[in-house]
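K.L.:
Structure supplied as coords_13.csv; contents: CSV, C-alpha atoms.
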chain,number,residue,atom,x,y,z
A,28,MET,CA,82.0,110.8,142.8
A,29,THR,CA,80.0,113.7,144.1
A,30,ASP,CA,80.4,117.4,143.2
A,31,PRO,CA,83.4,118.7,145.0
A,32,ILE,CA,83.1,121.3,147.7
A,33,SER,CA,85.2,124.4,147.8
A,34,TRP,CA,88.6,124.4,149.4
A,35,THR,CA,87.6,127.0,152.0
A,36,GLU,CA,84.4,125.0,152.8
A,37,ALA,CA,86.4,121.8,153.1
A,38,ARG,CA,88.7,123.3,155.7
A,39,GLU,CA,85.8,124.7,157.7
A,40,THR,CA,83.8,121.5,157.5
A,41,ALA,CA,86.7,119.3,158.6
A,42,TRP,CA,87.4,121.6,161.6
A,43,ALA,CA,83.8,121.7,162.6
A,44,ALA,CA,83.5,117.9,162.5
A,45,GLY,CA,86.5,117.7,164.8
A,46,TYR,CA,85.4,120.4,167.2
A,47,ASP,CA,81.9,118.7,167.5
A,48,ALA,CA,83.6,115.4,168.2
A,49,LYS,CA,86.3,116.6,170.6
A,50,PRO,CA,86.6,114.4,173.7
A,51,ALA,CA,85.7,115.4,177.2
A,52,PRO,CA,88.6,117.4,178.7
A,53,ALA,CA,90.8,115.9,181.3
A,54,GLU,CA,93.6,117.1,183.7
A,55,LEU,CA,96.6,116.3,181.6
A,56,PRO,CA,100.3,116.4,182.3
A,57,PHE,CA,102.0,119.3,180.6
A,58,ASP,CA,103.6,117.1,177.9
A,59,ASP,CA,100.2,115.8,176.9
A,60,ALA,CA,98.4,119.1,177.1
A,61,ALA,CA,101.0,120.9,174.9
A,62,GLY,CA,99.5,121.8,171.6
A,63,SER,CA,95.9,121.6,172.8
A,64,ALA,CA,93.7,124.4,174.1
A,65,LEU,CA,92.7,125.1,177.7
A,66,ALA,CA,89.4,123.5,178.4
A,67,ALA,CA,88.8,125.7,181.5
A,68,PRO,CA,90.3,129.0,182.7
A,69,LEU,CA,93.8,128.8,184.1
A,70,VAL,CA,93.7,130.1,187.7
A,71,ALA,CA,96.5,131.0,190.1
A,72,VAL,CA,96.5,128.7,193.1
A,73,SER,CA,98.7,131.1,195.1
A,74,ASP,CA,99.9,134.7,194.9
A,75,LEU,CA,102.4,135.2,192.1
A,76,PRO,CA,105.0,135.8,193.4
A,77,ALA,CA,104.1,134.1,196.6
A,78,PHE,CA,106.3,136.5,198.6
A,79,PRO,CA,108.4,139.6,198.0
A,80,THR,CA,111.4,138.6,195.8
A,81,SER,CA,114.5,140.6,195.0
A,82,ALA,CA,114.7,141.7,191.3
A,83,VAL,CA,118.5,142.2,191.5
A,84,ASP,CA,121.7,141.0,193.2
A,85,GLY,CA,122.5,143.5,195.9
A,86,TRP,CA,122.3,144.5,199.5
A,87,ALA,CA,119.0,144.6,201.4
A,88,VAL,CA,119.1,147.4,204.0
A,89,ALA,CA,116.9,148.9,206.8
A,90,GLY,CA,117.0,152.3,208.4
A,91,PRO,CA,119.7,155.0,207.6
A,92,GLY,CA,123.1,154.1,206.3
A,93,PRO,CA,125.9,153.2,206.0
A,94,TRP,CA,124.7,149.7,207.0
A,95,ARG,CA,126.6,147.0,208.9
A,96,ILE,CA,126.9,143.8,206.8
A,97,GLY,CA,125.3,140.8,208.6
A,98,GLY,CA,125.1,137.8,206.3
A,99,ASP,CA,123.5,136.6,203.0
A,100,VAL,CA,120.1,135.7,201.7
A,101,LEU,CA,119.9,133.1,199.0
A,102,ALA,CA,117.0,132.0,196.9
A,103,GLY,CA,115.1,129.3,198.7
A,104,GLN,CA,115.8,130.7,202.2
A,105,VAL,CA,113.4,132.4,204.6
A,106,PRO,CA,115.4,135.3,206.1
A,107,GLU,CA,115.1,136.9,209.5
A,108,ALA,CA,113.8,140.5,209.7
A,109,LEU,CA,116.3,143.3,209.3
A,110,ALA,CA,117.0,145.6,212.2
A,111,ALA,CA,117.6,149.3,211.5
A,112,GLY,CA,121.2,149.9,210.3
A,113,ALA,CA,121.6,146.3,209.1
A,114,ALA,CA,122.4,145.0,205.6
A,115,VAL,CA,122.4,141.5,204.1
A,116,LYS,CA,123.6,140.4,200.7
A,117,ILE,CA,120.7,139.2,198.7
A,118,ALA,CA,120.4,137.2,195.5
A,119,THR,CA,118.0,137.8,192.6
A,120,GLY,CA,114.8,135.8,193.3
A,121,ALA,CA,115.5,135.5,197.1
A,122,GLN,CA,112.8,136.4,199.6
A,123,VAL,CA,113.1,140.0,200.8
A,124,PRO,CA,113.6,140.1,204.6
A,125,GLY,CA,111.0,141.8,206.7
A,126,GLY,CA,111.9,145.4,207.6
A,127,CYS,CA,113.8,145.9,204.4
A,128,GLU,CA,113.5,149.5,203.1
A,129,GLY,CA,115.6,149.3,200.0
A,130,ILE,CA,118.1,147.3,198.0
A,131,ILE,CA,121.5,148.6,196.8
A,132,ARG,CA,122.5,147.0,193.5
A,133,LEU,CA,125.9,145.3,193.7
A,134,GLU,CA,127.3,147.5,191.0
A,135,HIS,CA,126.3,150.6,192.9
A,136,ALA,CA,127.6,149.5,196.4
A,137,ALA,CA,130.7,150.7,198.2
A,138,VAL,CA,131.9,148.1,200.8
A,139,GLU,CA,134.5,149.1,203.4
A,140,ASP,CA,135.4,147.8,206.9
A,141,GLY,CA,132.2,145.7,207.3
A,142,PHE,CA,129.8,148.4,206.1
A,143,VAL,CA,128.1,149.0,202.8
A,144,ASP,CA,126.8,152.3,201.4
A,145,GLY,CA,125.2,153.4,198.2
A,146,PRO,CA,121.8,154.4,196.7
A,147,SER,CA,119.0,152.1,197.6
A,148,ALA,CA,115.6,151.6,195.9
A,149,ARG,CA,112.6,149.2,196.0
A,150,GLU,CA,114.2,146.7,193.7
A,151,TRP,CA,111.8,143.8,194.4
A,152,ARG,CA,108.5,142.3,193.2
A,153,GLU,CA,105.7,142.5,195.7
A,154,ALA,CA,103.7,139.4,196.6
A,155,GLY,CA,100.8,139.0,194.2
A,156,GLU,CA,102.3,141.6,191.8
A,157,GLU,CA,101.8,139.4,188.8
A,158,ALA,CA,98.6,137.6,190.0
A,159,ARG,CA,96.6,137.1,193.2
A,160,HIS,CA,95.4,133.7,194.5
A,161,GLY,CA,92.3,132.7,192.6
A,162,GLU,CA,92.8,135.2,189.8
A,163,GLU,CA,92.1,134.0,186.3
A,164,LEU,CA,95.3,134.1,184.3
A,165,LEU,CA,94.1,132.8,180.9
A,166,PRO,CA,90.6,132.1,179.5
A,167,ALA,CA,89.4,128.7,178.3
A,168,GLY,CA,90.3,128.1,174.7
A,169,THR,CA,93.8,129.6,175.0
A,170,PRO,CA,96.3,127.4,173.0
A,171,VAL,CA,98.7,125.6,175.3
A,172,THR,CA,102.1,126.9,174.2
A,173,PRO,CA,105.4,126.6,176.0
A,174,PRO,CA,104.9,130.0,177.8
A,175,VAL,CA,101.5,128.9,179.0
A,176,ILE,CA,103.0,125.8,180.5
A,177,GLY,CA,105.7,127.9,182.2
A,178,LEU,CA,103.0,130.2,183.6
A,179,ALA,CA,101.0,127.2,184.8
A,180,ALA,CA,104.0,125.8,186.6
A,181,ALA,CA,104.8,129.2,188.2
A,182,ALA,CA,101.2,129.5,189.3
A,183,GLY,CA,101.4,126.1,191.1
A,184,HIS,CA,99.9,123.7,188.6
A,185,LEU,CA,101.1,120.2,187.7
A,186,THR,CA,98.4,119.5,185.1
A,187,LEU,CA,96.2,121.5,182.7
A,188,PRO,CA,92.6,121.0,181.8
A,189,ALA,CA,92.8,120.1,178.1
A,190,HIS,CA,91.8,117.8,175.3
A,191,GLY,CA,94.3,114.9,174.7
A,192,LYS,CA,96.2,114.2,171.6
A,193,PRO,CA,94.0,112.2,169.1
A,194,ARG,CA,95.5,108.8,168.3
A,195,THR,CA,96.2,108.4,164.6
A,196,ARG,CA,97.4,105.7,162.3
A,197,VAL,CA,98.3,105.7,158.6
A,198,VAL,CA,97.2,102.9,156.3
A,199,VAL,CA,99.2,102.8,153.0
A,200,PHE,CA,97.4,101.2,150.0
A,201,GLY,CA,99.2,99.9,146.9
A,202,ASP,CA,100.7,96.7,145.7
A,203,GLU,CA,103.2,98.7,143.7
A,204,LEU,CA,104.9,100.2,146.7
A,205,LEU,CA,108.2,99.3,148.2
A,206,THR,CA,109.2,100.0,151.9
A,207,SER,CA,113.0,99.7,151.2
A,208,GLY,CA,115.4,99.9,148.4
A,209,VAL,CA,115.0,101.9,145.2
A,210,SER,CA,112.2,102.2,142.6
A,211,GLY,CA,112.4,99.8,139.7
A,212,LYS,CA,110.7,97.1,137.7
A,213,GLY,CA,107.3,98.8,137.9
A,214,ARG,CA,107.5,99.3,141.6
A,215,ILE,CA,108.1,102.6,143.5
A,216,ARG,CA,109.4,103.5,146.9
A,217,ASP,CA,106.7,104.6,149.3
A,218,ALA,CA,107.2,108.2,150.5
A,219,LEU,CA,103.9,108.7,152.4
A,220,GLY,CA,104.2,105.9,154.9
A,221,PRO,CA,107.4,107.4,156.4
A,222,MET,CA,106.2,111.0,156.0
A,223,VAL,CA,102.6,111.3,157.0
A,224,PRO,CA,102.9,110.2,160.6
A,225,HIS,CA,105.3,113.1,161.1
A,226,LEU,CA,102.8,115.5,159.6
A,227,LEU,CA,100.2,114.2,162.0
A,228,ALA,CA,102.5,114.5,165.0
A,229,ALA,CA,103.4,118.1,164.0
A,230,ALA,CA,99.6,118.8,163.7
A,231,GLY,CA,99.1,117.7,167.3
A,232,ALA,CA,98.3,114.0,167.0
A,233,ASP,CA,99.7,110.9,168.9
A,234,ALA,CA,100.9,109.3,165.7
A,235,GLY,CA,101.6,105.6,165.5
A,236,PRO,CA,103.6,103.8,162.8
A,237,SER,CA,102.2,103.3,159.3
A,238,ILE,CA,100.4,100.1,158.3
A,239,GLY,CA,101.1,98.5,154.9
A,240,PRO,CA,101.4,98.6,152.0
A,241,VAL,CA,98.1,96.9,152.0
A,242,GLU,CA,97.1,94.4,149.3
A,243,ASP,CA,94.9,95.9,146.5
A,244,THR,CA,91.8,93.9,147.4
A,245,LEU,CA,88.6,95.0,149.1
A,246,GLU,CA,89.0,92.4,151.8
A,247,ALA,CA,92.5,93.6,152.7
A,248,HIS,CA,91.3,97.2,152.7
A,249,VAL,CA,88.4,96.4,155.1
A,250,ALA,CA,90.6,94.4,157.4
A,251,ALA,CA,93.3,97.1,157.5
A,252,LEU,CA,90.8,99.9,158.2
A,253,ARG,CA,89.2,97.9,161.0
A,254,ASP,CA,92.5,97.0,162.6
A,255,ALA,CA,93.6,100.7,162.5
A,256,LEU,CA,90.3,102.1,163.8
A,257,ALA,CA,90.5,99.7,166.8
A,258,GLU,CA,93.4,101.7,168.1
A,259,ALA,CA,93.0,105.1,166.6
A,260,ASP,CA,90.6,108.1,166.6
A,261,LEU,CA,91.7,109.1,163.1
A,262,VAL,CA,93.0,106.8,160.3
A,263,CYS,CA,94.6,108.4,157.3
A,264,THR,CA,94.8,106.3,154.2
A,265,THR,CA,97.0,106.9,151.2
A,266,GLY,CA,95.8,106.2,147.7
A,267,GLY,CA,92.5,104.6,146.5
A,268,THR,CA,90.5,107.8,146.7
A,269,MET,CA,89.3,107.6,143.0
A,270,VAL,CA,87.2,104.9,141.4
A,271,GLY,CA,89.8,103.0,139.4
A,272,PRO,CA,90.0,99.2,139.2
A,273,VAL,CA,92.1,98.9,142.3
A,274,ASP,CA,90.6,101.9,144.2
A,275,HIS,CA,88.8,100.1,147.0
A,276,LEU,CA,88.6,102.8,149.6
A,277,HIS,CA,85.0,103.9,148.9
A,278,ALA,CA,83.7,100.4,149.0
A,279,ALA,CA,85.7,99.7,152.1
A,280,LEU,CA,84.1,102.7,153.8
A,281,ALA,CA,80.7,101.4,152.9
A,282,GLU,CA,81.6,98.0,154.3
A,283,ILE,CA,82.5,99.4,157.7
A,284,GLY,CA,79.5,101.7,157.8
A,285,ALA,CA,81.3,105.0,157.5
A,286,GLU,CA,79.5,108.1,156.2
A,287,TYR,CA,81.1,110.9,154.3
A,288,VAL,CA,81.8,114.2,156.0
A,289,LEU,CA,83.1,115.5,152.6
A,290,ASN,CA,84.0,113.7,149.4
A,291,THR,CA,86.3,115.4,146.9
A,292,VAL,CA,87.4,119.1,147.1
A,293,ALA,CA,87.7,121.6,144.3
A,294,VAL,CA,91.4,122.1,144.6
A,295,ARG,CA,94.4,121.4,142.4
A,296,PRO,CA,96.5,119.5,143.1
A,297,GLY,CA,94.8,117.2,145.7
A,298,PHE,CA,91.3,117.0,144.3
A,299,PRO,CA,90.3,113.3,145.2
A,300,MET,CA,90.5,113.6,149.0
A,301,LEU,CA,87.8,112.6,151.5
A,302,LEU,CA,86.8,112.6,155.1
A,303,ALA,CA,84.4,110.0,156.6
A,304,ARG,CA,83.1,109.3,160.0
A,305,THR,CA,82.3,105.8,161.5
A,306,GLY,CA,79.3,104.9,163.6
A,307,ASP,CA,81.3,105.2,166.8
A,308,GLY,CA,82.6,108.7,166.0
A,309,LYS,CA,86.0,107.9,164.6
A,310,PHE,CA,87.4,109.4,161.4
A,311,VAL,CA,88.9,108.2,158.2
A,312,ALA,CA,90.8,110.8,156.0
A,313,GLY,CA,91.4,109.6,152.5
A,314,LEU,CA,94.6,111.1,151.1
A,315,PRO,CA,95.5,110.8,147.4
A,316,GLY,CA,98.4,108.6,146.5
A,317,ASN,CA,100.4,111.3,144.8
A,318,PRO,CA,102.7,112.7,147.5
A,319,GLN,CA,102.2,116.4,147.0
A,320,SER,CA,98.4,115.8,146.7
A,321,ALA,CA,98.5,113.9,149.9
A,322,VAL,CA,100.2,116.7,151.7
A,323,ILE,CA,97.6,119.1,150.3
A,324,ALA,CA,94.9,116.8,151.7
A,325,ALA,CA,96.6,116.8,155.1
A,326,VAL,CA,96.7,120.6,155.0
A,327,THR,CA,93.1,120.9,153.8
A,328,VAL,CA,91.3,118.3,155.9
A,329,VAL,CA,93.5,116.6,158.5
A,330,ALA,CA,95.2,119.6,160.2
A,331,PRO,CA,91.8,121.4,160.6
A,332,LEU,CA,90.2,118.2,161.9
A,333,LEU,CA,93.0,117.7,164.5
A,334,ALA,CA,92.7,121.3,165.6
A,335,GLY,CA,89.0,120.8,166.2
A,336,LEU,CA,89.5,117.6,168.1
A,337,ARG,CA,91.9,119.5,170.5
A,338,GLY,CA,89.6,122.4,171.0
A,339,LEU,CA,91.7,124.8,168.9
A,340,PRO,CA,90.4,127.3,166.3
A,341,LEU,CA,90.7,126.6,162.6
A,342,PRO,CA,94.4,126.9,161.7
A,343,PRO,CA,94.9,130.4,160.4
A,344,LEU,CA,96.3,131.2,156.9
A,345,ARG,CA,99.3,133.4,156.5
A,346,THR,CA,99.9,135.7,153.5
A,347,VAL,CA,102.6,136.0,150.9
A,348,GLU,CA,103.4,138.6,148.3
A,349,LEU,CA,103.9,136.8,144.9
A,350,ALA,CA,107.1,137.5,143.1
A,351,GLU,CA,105.7,136.3,139.8
A,352,ASP,CA,102.4,135.5,138.1
A,353,VAL,CA,100.7,132.3,139.3
A,354,PRO,CA,98.0,130.8,137.0
A,355,GLY,CA,94.5,130.0,138.2
A,356,ARG,CA,92.8,126.6,137.8
A,357,GLY,CA,89.3,127.6,136.6
A,358,SER,CA,86.6,126.8,139.1
A,359,PHE,CA,89.1,125.1,141.4
A,360,THR,CA,91.4,126.7,144.0
A,361,HIS,CA,95.0,126.4,143.0
A,362,LEU,CA,97.5,125.7,145.7
A,363,ALA,CA,100.9,126.7,144.3
A,364,LEU,CA,104.2,125.9,146.0
A,365,VAL,CA,106.1,129.1,146.7
A,366,ASP,CA,109.3,130.0,148.6
A,367,PRO,CA,109.4,132.6,151.4
A,368,ALA,CA,110.0,135.3,148.8
A,369,GLY,CA,106.8,134.4,146.9
A,370,ARG,CA,108.6,132.7,144.0
A,371,ARG,CA,107.0,129.6,142.4
A,372,LEU,CA,109.1,126.5,142.9
A,373,ALA,CA,110.1,124.0,140.3
A,374,HIS,CA,109.3,120.4,140.8
A,375,HIS,CA,105.8,121.2,141.8
A,376,GLY,CA,103.9,118.4,140.2
A,377,SER,CA,101.4,116.4,142.3
A,378,ALA,CA,103.7,113.4,142.4
A,379,MET,CA,106.8,115.4,143.5
A,380,LEU,CA,108.2,116.3,146.9
A,381,ARG,CA,111.4,118.1,145.9
A,382,GLY,CA,109.7,121.5,145.6
A,383,LEU,CA,107.8,121.1,148.9
A,384,ALA,CA,111.0,120.3,150.8
A,385,GLY,CA,112.1,124.0,150.3
A,386,ALA,CA,108.7,125.7,150.3
A,387,ALA,CA,107.2,128.3,152.6
A,388,GLY,CA,103.8,126.7,151.8
A,389,PHE,CA,101.1,126.9,149.2
A,390,ALA,CA,100.0,130.2,147.8
A,391,VAL,CA,96.2,130.1,147.6
A,392,ILE,CA,94.9,131.2,144.2
A,393,PRO,CA,91.1,131.5,144.5
A,394,PRO,CA,88.7,129.9,142.0
A,395,GLY,CA,87.1,131.9,139.3
A,396,ALA,CA,90.3,134.0,138.5
A,397,PRO,CA,91.0,133.1,134.9
A,398,ASP,CA,94.3,134.9,134.9
A,399,GLY,CA,95.3,133.6,138.3
A,400,ALA,CA,97.2,136.1,140.6
A,401,ALA,CA,99.7,138.6,139.3
A,402,ALA,CA,103.1,139.3,140.6
A,403,GLY,CA,102.9,141.8,143.5
A,404,SER,CA,99.5,140.4,144.7
A,405,VAL,CA,99.2,139.5,148.4
A,406,VAL,CA,97.5,136.1,148.7
A,407,ASP,CA,96.8,133.6,151.5
A,408,LEU,CA,99.5,131.1,152.3
A,409,ALA,CA,98.6,127.6,153.6
A,410,THR,CA,101.5,126.3,155.6
A,411,VAL,CA,102.4,122.6,156.2
A,412,PRO,CA,102.6,121.2,159.8
A,413,GLY,CA,106.2,120.7,160.7
A,414,VAL,CA,107.5,122.4,157.6
A,415,SER,CA,106.4,126.1,157.6
A,416,GLN,CA,106.2,127.4,161.2
Spell out the structure here as structure tokens.
P.N.:
Amino acid sequence: MTDPISWTEARETAWAAGYDAKPAPAELPFDDAAGSALAAPLVAVSDLPAFPTSAVDGWAVAGPGPWRIGGDVLAGQVPEALAAGAAVKIATGAQVPGGCEGIIRLEHAAVEDGFVDGPSAREWREAGEEARHGEELLPAGTPVTPPVIGLAAAAGHLTLPAHGKPRTRVVVFGDELLTSGVSGKGRIRDALGPMVPHLLAAAGADAGPSIGPVEDTLEAHVAALRDALAEADLVCTTGGTMVGPVDHLHAALAEIGAEYVLNTVAVRPGFPMLLARTGDGKFVAGLPGNPQSAVIAAVTVVAPLLAGLRGLPLPPLRTVELAEDVPGRGSFTHLALVDPAGRRLAHHGSAMLRGLAGAAGFAVIPPGAPDGAAAGSVVDLATVPGVSQ
């Protein structure tokens, strides 16, 4: 085991490793681009709107009134120009006819004997009011959110230049684990195999099903890693990150020629985590076997790595005001489960998930604070993908 790096440095190191290894961008369908970042500026391929469009339901009129009613204009139609003294009923979003000098809102209109009268105004959006053809709408690096996808579609795009979702697999180590039934007779039900793929998907990955539990032998570990890496850009393993009698991960990484990006992090819980890179540029993230520690490793290493691989910035931390004192952990960062009101949660042991299920995230208590953080302190909050949004 090497000296652990700080929790802050671990996040930054994992993100930088992913960003440096991000794949070449491609024109991706909206579904595949969602959650990534624009790899090139988003440019309007037509005026937006492309033609004058009514902002209200009403009557389009030309010349002095009252105006003789002469038909309807619905969205999707190309209307004929209006002659002076004429009016047509127009729907919101419909193309404004040529010659139109104003629109009377329906609720302000008086209709009688085939004529309409009322106050008119320029109740439409001009062509190019939102953007002109060729105008940059958003810069490269902008996260692809649902509104960005909507803007791209409105601006005429079918795809977006972005980095695709990294392919991920989870490899579960441990002869003692069960995949069904209840714990008993020395064996325990696996929680990480069902859970971690959903964490990865929430963090922006294309997450396949878990592999394992894998037999506690070096040969089985090596074979499982090679099989998973053949179809994934990132493999997350669970358990085996220490150097106990059945902890074969470190030896397996050496066997496949992987090199450490980081090995152990000064954080409690979650200390024995690691990130390694293979010779062909793929990644292995070693998550501890205790469930809450594994989640902390995913928050610390995996989520930043995936953000980097998609061209996104390092996931930001939020803040929370503590409702009670939270102890420190000496030279280690303490990640303490808290609810949205800043209260520490029960059932916060590294092997437990009950507290995490109702948490806002982890309050970040910096190292070197012997008394921890006092009630009323505002501290960073590390959130969990798919849990604390």
K.L.:
Find the residue from A:Glu348, A:Asp202, A:Glu54, A:Asp398 that sits nearest to Thr186 of chain A; use only C-alpha atoms when measuring.
P.N.:
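Result for the nearest residue to Thr186 of chain A: A:Glu54.
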K.L.:
Rounded to one decimal, what separation in Å do you get between atom CA of Arg337 of chain A and atom CA of His190 of chain A?
P.N.:
5.1 Å
K.L.:
Rounded to one decimal place, report the atom CA of Val72 of chain A-atom CA of Glu163 of chain A distance in Å.
P.N.:
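Straight-line distance from atom CA of Val72 of chain A to atom CA of Glu163 of chain A works out to 9.7 Å.
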K.L.:
I'd like the neighbourhood of His374 of chain A as a ChimeraX atom specification, where a residue qualifies if any of its atoms comes within 12 Å (using only C-alpha atoms), though same-chain residues fewer than 6 positions away should be ignored.
P.N.:
/A:319,363-365,380-386
K.L.:
Counting all atoms listed in the file, find residues at most 7 Å from (92.7, 127.4, 184.2) (file frame) and give them as an NGL selection string.
P.N.:
:A and (65 or 67-70 or 163 or 165-167 or 188)
K.L.:
Which residue out of A:Leu55, A:Leu408, A:Leu341, A:Val199 has the minimum interatomic distance to Ala41 of chain A when all atoms listed in the file are used?
P.N.:
A:Leu341
K.L.:
Between A:Ala259, A:Leu289, A:Ile238, A:Leu185, which one has atoms that come closest to Thr206 of chain A, using all atoms listed in the file?
P.N.:
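Of the candidates, the smallest distance to Thr206 of chain A is held by A:Ile238.
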K.L.:
Tell me which of A:Asp30, A:Glu153, A:Asp47, A:Asp217 sits closest to Phe78 of chain A, counting only C-alpha atoms.
P.N.:
A:Glu153
K.L.:
I'd like the contact shell of Leu302 of chain A - 9 Å cut-off, only C-alpha atoms, skipping same-chain residues fewer than 6 positions apart - returned as a PyMOL selection string.
P.N.:
chain A and resi 41+286-291+310-314+328-329
K.L.:
Leaving out Pro236 of chain A and any residue of its chain fewer than 4 positions from it, which residues lie within 10 Å of it when counting only C-alpha atoms, given as number ranges by chain?
P.N.:
A: 195-198, 220-221, 223-225
K.L.:
Nearest to Glu36 of chain A among A:Pro331, A:Pro397, A:Gly338, A:Gly155, with distances taken over only C-alpha atoms: which residue is it?
P.N.:
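Residue with the minimum atom-to-atom distance to Glu36 of chain A: A:Pro331.
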K.L.:
Could you tell me how far atom CA of Gly177 of chain A sits from atom CA of Gly191 of chain A, in Å to one decimal place?
P.N.:
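Interatomic distance, atom CA of Gly191 of chain A to atom CA of Gly177 of chain A: 18.8 Å.
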K.L.:
Of the candidates A:Gly103, A:Pro146, A:Gly90, A:Gly399, which shows the shortest atom-to-atom distance to Leu362 of chain A, using only C-alpha atoms?
P.N.:
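Nearest candidate to Leu362 of chain A out of A:Gly103, A:Pro146, A:Gly90, A:Gly399: A:Gly399.
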K.L.:
At most 8 Å from (94.5, 127.0, 160.1), file frame, all atoms listed in the file: which residues, as a CSV table (one decimal) with C-alpha atoms, in the coordinates of the input?
P.N.:
chain,number,residue,atom,x,y,z
A,330,ALA,CA,95.2,119.6,160.2
A,331,PRO,CA,91.8,121.4,160.6
A,340,PRO,CA,90.4,127.3,166.3
A,341,LEU,CA,90.7,126.6,162.6
A,342,PRO,CA,94.4,126.9,161.7
A,343,PRO,CA,94.9,130.4,160.4
A,344,LEU,CA,96.3,131.2,156.9
A,409,ALA,CA,98.6,127.6,153.6
K.L.:
Write out as a PyMOL selection string which residues come within 7 Å of Asp233 of chain A when counting only C-alpha atoms, dropping same-chain ones fewer than 3 positions away.
P.N.:
chain A and resi 192-195+228
K.L.:
Residues within 12 Å of Pro240 of chain A, please, as a count of residues only. Count all atoms listed in the file; anything in the same chain fewer than 2 positions from it doesn't count.
P.N.:
30
